Amino acid sequence: MKLTLIDWILMIVYFVFVLGIGWMLKRHMKTSTDFFLSGRSIPAWVAGLAFLSANLGAQEVIGMAASGAKYGIATSHFYWVGAIPAMVFLGVFMMPFYYGSRARSVPEYLKLRFDEKTRGFNAISFAAMTVFSSGISMYAMGLLLNLLLGWDFNAAIWLSAGIVLVYILLGGLTSAIYNEVLQFFLIVFGFAPLIYLGLKDAGGWSGLQASLAGVSTANGFAPQAWTASWQLMGSPSANPMGVEWFGLVMGLGFVLSFGYWCTDFLVVQRAMAADSMAAARRTPMIAAFPKMLFPFLVILPGMVAMALTANAGASGFALPAKPDGSLNYDMAIPMMLAHYFPTGLLGLGLTALMASFMSGMAGNVTAFNTVWTYDIYQSYIRRHASDAHYLWVGRMATVFGIALSVAAAYAATRFNNIMDMLQLVFAFVNAPLFATFLLGMFWKRATGHGAFTGLLAGTMAATAHHGLTLPLNAVVGIKGGWIATLHGYPSEMAQNFWTAIFAWTVCFVVTIAVSLVTRPRPDAELVGLVYSLTERPRDQHLPWYERPAVLGVIVLACVGALNVVFW
Amino acid sequence: MGLDIRWPIGLLFVIFGVLLAGFGLASDAALYQRSLGVNVNLWWGVVMMAFGAVMLVLAVRGARTPAGDHQSGATDSRRY
């Protein structure tokens, strides 16, 4: 694929804006609160779009399109069962504690609510995870740009790392948030023409359905397998995902999505930066509206790619194959960009793709520098330094975090197995987290010892479950079964969901059991941290469209309707 | 927070829109075979320009009634 002058101009204009925003914000970065929390001054709609965009790394865009091709419309469960209800819960029930406690990070909330060791466990695993995911994001981008445009892998990595470094150093979290909002619009405008062109080529929605019915029956499923999200969820063997409704709703919907959206500092940090409690609570709701439409932007192109591959459209688009003969689903969006976009629009699409990689990176780096500075450096290394010192440490942590990410990106090129293993370890650590937060926020009897033991037990339960089960047709090793194979799952996804369910349940039960035999903290210390001891935030003075509960009901009604329409 | 984000968004999209639409007008129709015969540069450029313009209008209106300003805070209940 060749770029022409107009593509380059679009790309360069965009990067000038990205760096320009950082430069404009430079003079506002005076205290550590400005740098790490945007001085808690971000309006709700900006925080909301950043909340959405921080998670909108390229892995999300590319991965969801790949799943759309592989599993069809059922991929929407990640949004309509997973993310959206969790975002509503965060805004209505959990935000009052994050924002109201004045904690500066999610681990710091754990310190206020429980104790130092629970915070330490969460802070250290989170910091390691963010650096690592930022590195993986960089690696994926280098690889893709190399494949698509023939750019040098090294140059792609260093250039993107350099740009992210400069704009975060200059403008801190505000710069990251502002750029995330810009990236949000860019991603929407950059990918939206794909839906139109792809559907046009596939013969509209009915043409798409007809082609995908062919794909379904060829794979041994009922004709609607790719175009119905719930109809075939009765048994794991009836749908391409290999999961049944219970594992889906509990594993993905309840444990994994609530665990991610409600406790991951990467997204929660955006809401914490909002300018008031009401704005912080509204942040995830504002994010929920565009989020529920994202399946059309990212999953639909994947489905179109699959339909056209099976039943070539007028223009002859087909997914490329991997060396082993299977389809390379990850290339759905990049190849469609290359296939349909003429020069000009192509520059826009590629800029959007790069923007999504960078927003993923920047989100991780800003979360990392905050947790490192407040929860590790200030807590364990140097306790009572001046604010200017912590601001300096935060800037250094940005440089250091990006350097580590680059190292992780290079490590990924050589030790792919180690990367897969690390990813697995982080999944084990994360799986039980939501049980800890749920008990912490809604059960005042939960103690620090209980929370810590529960987290450890949950992580071990996840590890053990993974070691004892194996997905169908998988080899013993990184995919599971490395202790013994006691149970087989119909798919890797089913195994993941059930690993999460086990981890959550063990953490929940152990936290309660240990809490009951350890000494609780006096009520007075828990005011503002636990539901029963905290005054409900008042929102009667707000107009109805700004009240979190009202917005939550509207969001859930819309998402319910979407589930029914694509049932 | 010092800078109203609607300014850079508006400006960027107006510039992108003008560049794309201008290129769409000037370019050869043969280029659009791959986009199924639709001059997507022109049409999408126009849409982006319109979006950018809306953002700029909002930014101008926002600058006239500064939100968060303690004097106008009482009258301006619509803080974004």
# chains A, B, ... in the order shown; residues from 1 in each chain; ligands from 1

call {"tool": "residues_around", "arguments": {"residues": "Ile9 in chain B", "least_positions_apart": "5", "cutoff": "9 Å", "atoms": "only C-alpha atoms", "output": "mmCIF file with N, CA, C and O atoms, in the first residue's frame"}}
result
data_model
loop_
_atom_site.group_PDB
_atom_site.id
_atom_site.type_symbol
_atom_site.label_atom_id
_atom_site.label_comp_id
_atom_site.auth_asym_id
_atom_site.auth_seq_id
_atom_site.Cartn_x
_atom_site.Cartn_y
_atom_site.Cartn_z
ATOM 1 N N VAL A 181 -9.773 12.689 23.896
ATOM 2 C CA VAL A 181 -11.025 13.182 23.327
ATOM 3 C C VAL A 181 -10.863 13.410 21.824
ATOM 4 O O VAL A 181 -11.714 13.025 21.014
ATOM 5 N N LEU A 182 -9.734 14.007 21.468
ATOM 6 C CA LEU A 182 -9.437 14.234 20.053
ATOM 7 C C LEU A 182 -9.384 12.893 19.317
ATOM 8 O O LEU A 182 -9.936 12.732 18.230
ATOM 9 N N PHE A 185 -12.852 11.279 18.567
ATOM 10 C CA PHE A 185 -13.531 11.764 17.360
ATOM 11 C C PHE A 185 -12.817 11.283 16.096
ATOM 12 O O PHE A 185 -13.448 10.934 15.107
ATOM 13 N N VAL B 14 -11.923 21.048 10.906
ATOM 14 C CA VAL B 14 -12.116 21.957 9.775
ATOM 15 C C VAL B 14 -10.944 21.806 8.804
ATOM 16 O O VAL B 14 -11.139 21.689 7.583
ATOM 17 N N GLY B 52 -16.484 20.065 12.499
ATOM 18 C CA GLY B 52 -15.494 21.000 13.040
ATOM 19 C C GLY B 52 -16.099 22.362 13.280
ATOM 20 O O GLY B 52 -15.852 23.008 14.311
ATOM 21 N N MET B 55 -18.176 22.455 16.416
ATOM 22 C CA MET B 55 -17.302 22.523 17.590
ATOM 23 C C MET B 55 -16.781 23.941 17.797
ATOM 24 O O MET B 55 -16.714 24.437 18.926
ATOM 25 N N LEU B 56 -16.410 24.607 16.704
ATOM 26 C CA LEU B 56 -15.883 25.964 16.834
ATOM 27 C C LEU B 56 -16.969 26.913 17.336
ATOM 28 O O LEU B 56 -16.706 27.774 18.184
#

call {"tool": "interface_residues", "arguments": {"of": "chain A", "to": "chain B", "cutoff": "7 Å", "atoms": "only C-alpha atoms", "output": "list of chain:residue names"}}
result
A:Leu10, A:Ser41, A:Ile42, A:Pro43, A:Tyr178, A:Leu182, A:Leu197, A:His339, A:Tyr340, A:Phe341, A:Pro342, A:Gly344, A:Leu345

call {"tool": "write_last_selection", "arguments": {"atoms": "N, CA and C atoms", "output": "mmCIF file, in the first residue's frame"}}
result
data_model
loop_
_atom_site.group_PDB
_atom_site.id
_atom_site.type_symbol
_atom_site.label_atom_id
_atom_site.label_comp_id
_atom_site.auth_asym_id
_atom_site.auth_seq_id
_atom_site.Cartn_x
_atom_site.Cartn_y
_atom_site.Cartn_z
ATOM 1 N N LEU A 10 -2.164 14.883 6.216
ATOM 2 C CA LEU A 10 -3.150 14.645 7.279
ATOM 3 C C LEU A 10 -2.456 14.125 8.541
ATOM 4 N N SER A 41 -10.452 19.174 37.502
ATOM 5 C CA SER A 41 -11.130 20.319 36.896
ATOM 6 C C SER A 41 -11.695 20.001 35.521
ATOM 7 N N ILE A 42 -11.832 18.726 35.186
ATOM 8 C CA ILE A 42 -12.270 18.367 33.840
ATOM 9 C C ILE A 42 -13.802 18.316 33.789
ATOM 10 N N PRO A 43 -14.416 18.983 32.785
ATOM 11 C CA PRO A 43 -15.883 18.899 32.663
ATOM 12 C C PRO A 43 -16.329 17.471 32.340
ATOM 13 N N TYR A 178 -7.165 15.298 27.031
ATOM 14 C CA TYR A 178 -7.539 16.102 25.860
ATOM 15 C C TYR A 178 -7.243 15.349 24.570
ATOM 16 N N LEU A 182 -9.734 14.007 21.468
ATOM 17 C CA LEU A 182 -9.437 14.234 20.053
ATOM 18 C C LEU A 182 -9.384 12.893 19.317
ATOM 19 N N LEU A 197 -19.036 1.629 3.332
ATOM 20 C CA LEU A 197 -18.484 0.972 2.143
ATOM 21 C C LEU A 197 -18.574 -0.556 2.251
ATOM 22 N N HIS A 339 -8.176 -1.695 1.494
ATOM 23 C CA HIS A 339 -8.931 -2.110 0.316
ATOM 24 C C HIS A 339 -9.900 -1.028 -0.187
ATOM 25 N N TYR A 340 -10.612 -0.413 0.735
ATOM 26 C CA TYR A 340 -11.689 0.504 0.316
ATOM 27 C C TYR A 340 -11.309 1.978 0.298
ATOM 28 N N PHE A 341 -10.358 2.375 1.157
ATOM 29 C CA PHE A 341 -10.094 3.809 1.272
ATOM 30 C C PHE A 341 -9.146 4.294 0.178
ATOM 31 N N PRO A 342 -9.590 5.302 -0.591
ATOM 32 C CA PRO A 342 -8.685 5.891 -1.577
ATOM 33 C C PRO A 342 -7.683 6.792 -0.844
ATOM 34 N N GLY A 344 -6.028 9.830 0.680
ATOM 35 C CA GLY A 344 -6.808 10.923 1.266
ATOM 36 C C GLY A 344 -7.511 10.353 2.479
ATOM 37 N N LEU A 345 -8.601 9.647 2.230
ATOM 38 C CA LEU A 345 -9.312 8.996 3.326
ATOM 39 C C LEU A 345 -8.411 7.940 3.991
#

call {"tool": "residues_around", "arguments": {"residues": "Leu148 in chain A", "least_positions_apart": "4", "cutoff": "12 Å", "atoms": "only C-alpha atoms", "output": "PyMOL selection string"}}
result
chain A and resi 1-3+140-144+152-153+331+333-339+346+350+353

call {"tool": "write_last_selection", "arguments": {"atoms": "C-alpha atoms", "output": "PDB file, in the first residue's frame"}}
result
ATOM      1  CA  MET A   1       0.000   0.000   0.000  1.00  0.00           C
ATOM      2  CA  LYS A   2       1.390   3.383  -0.936  1.00  0.00           C
ATOM      3  CA  LEU A   3       0.774   6.690   0.743  1.00  0.00           C
ATOM      4  CA  ALA A 140       1.399  -4.495  17.899  1.00  0.00           C
ATOM      5  CA  MET A 141       1.603  -1.075  16.276  1.00  0.00           C
ATOM      6  CA  GLY A 142       5.185  -1.553  15.089  1.00  0.00           C
ATOM      7  CA  LEU A 143       4.260  -4.908  13.614  1.00  0.00           C
ATOM      8  CA  LEU A 144       1.143  -3.613  11.877  1.00  0.00           C
ATOM      9  CA  ASP A 152      10.711   0.197   9.926  1.00  0.00           C
ATOM     10  CA  PHE A 153       9.626  -1.539  13.157  1.00  0.00           C
ATOM     11  CA  MET A 331      -6.249  -8.009   9.778  1.00  0.00           C
ATOM     12  CA  ILE A 333      -9.916  -3.617   9.881  1.00  0.00           C
ATOM     13  CA  PRO A 334      -6.421  -2.836   8.551  1.00  0.00           C
ATOM     14  CA  MET A 335      -7.077  -4.752   5.328  1.00  0.00           C
ATOM     15  CA  MET A 336     -10.464  -3.137   4.826  1.00  0.00           C
ATOM     16  CA  LEU A 337      -8.889   0.289   5.235  1.00  0.00           C
ATOM     17  CA  ALA A 338      -6.323  -0.628   2.620  1.00  0.00           C
ATOM     18  CA  HIS A 339      -8.931  -2.110   0.316  1.00  0.00           C
ATOM     19  CA  LEU A 346      -6.611   6.369   3.723  1.00  0.00           C
ATOM     20  CA  LEU A 350      -4.271   5.272   9.243  1.00  0.00           C
ATOM     21  CA  LEU A 353      -5.382   3.660  13.729  1.00  0.00           C
TER      22      LEU A 353
END

call {"tool": "closest_residue", "arguments": {"among": "A:Ala156, A:Met306, A:Ala44, A:Arg281", "to": "Ala549 in chain A", "atoms": "only C-alpha atoms"}}
result
A:Arg281

call {"tool": "atom_distance", "arguments": {"atom1": "CA of Val164 in chain A", "atom2": "CA of Asn55 in chain A"}}
result
15.8 Å

call {"tool": "atom_distance", "arguments": {"atom1": "CA of Met354 in chain A", "atom2": "CA of Ile62 in chain A"}}
result
11.8 Å
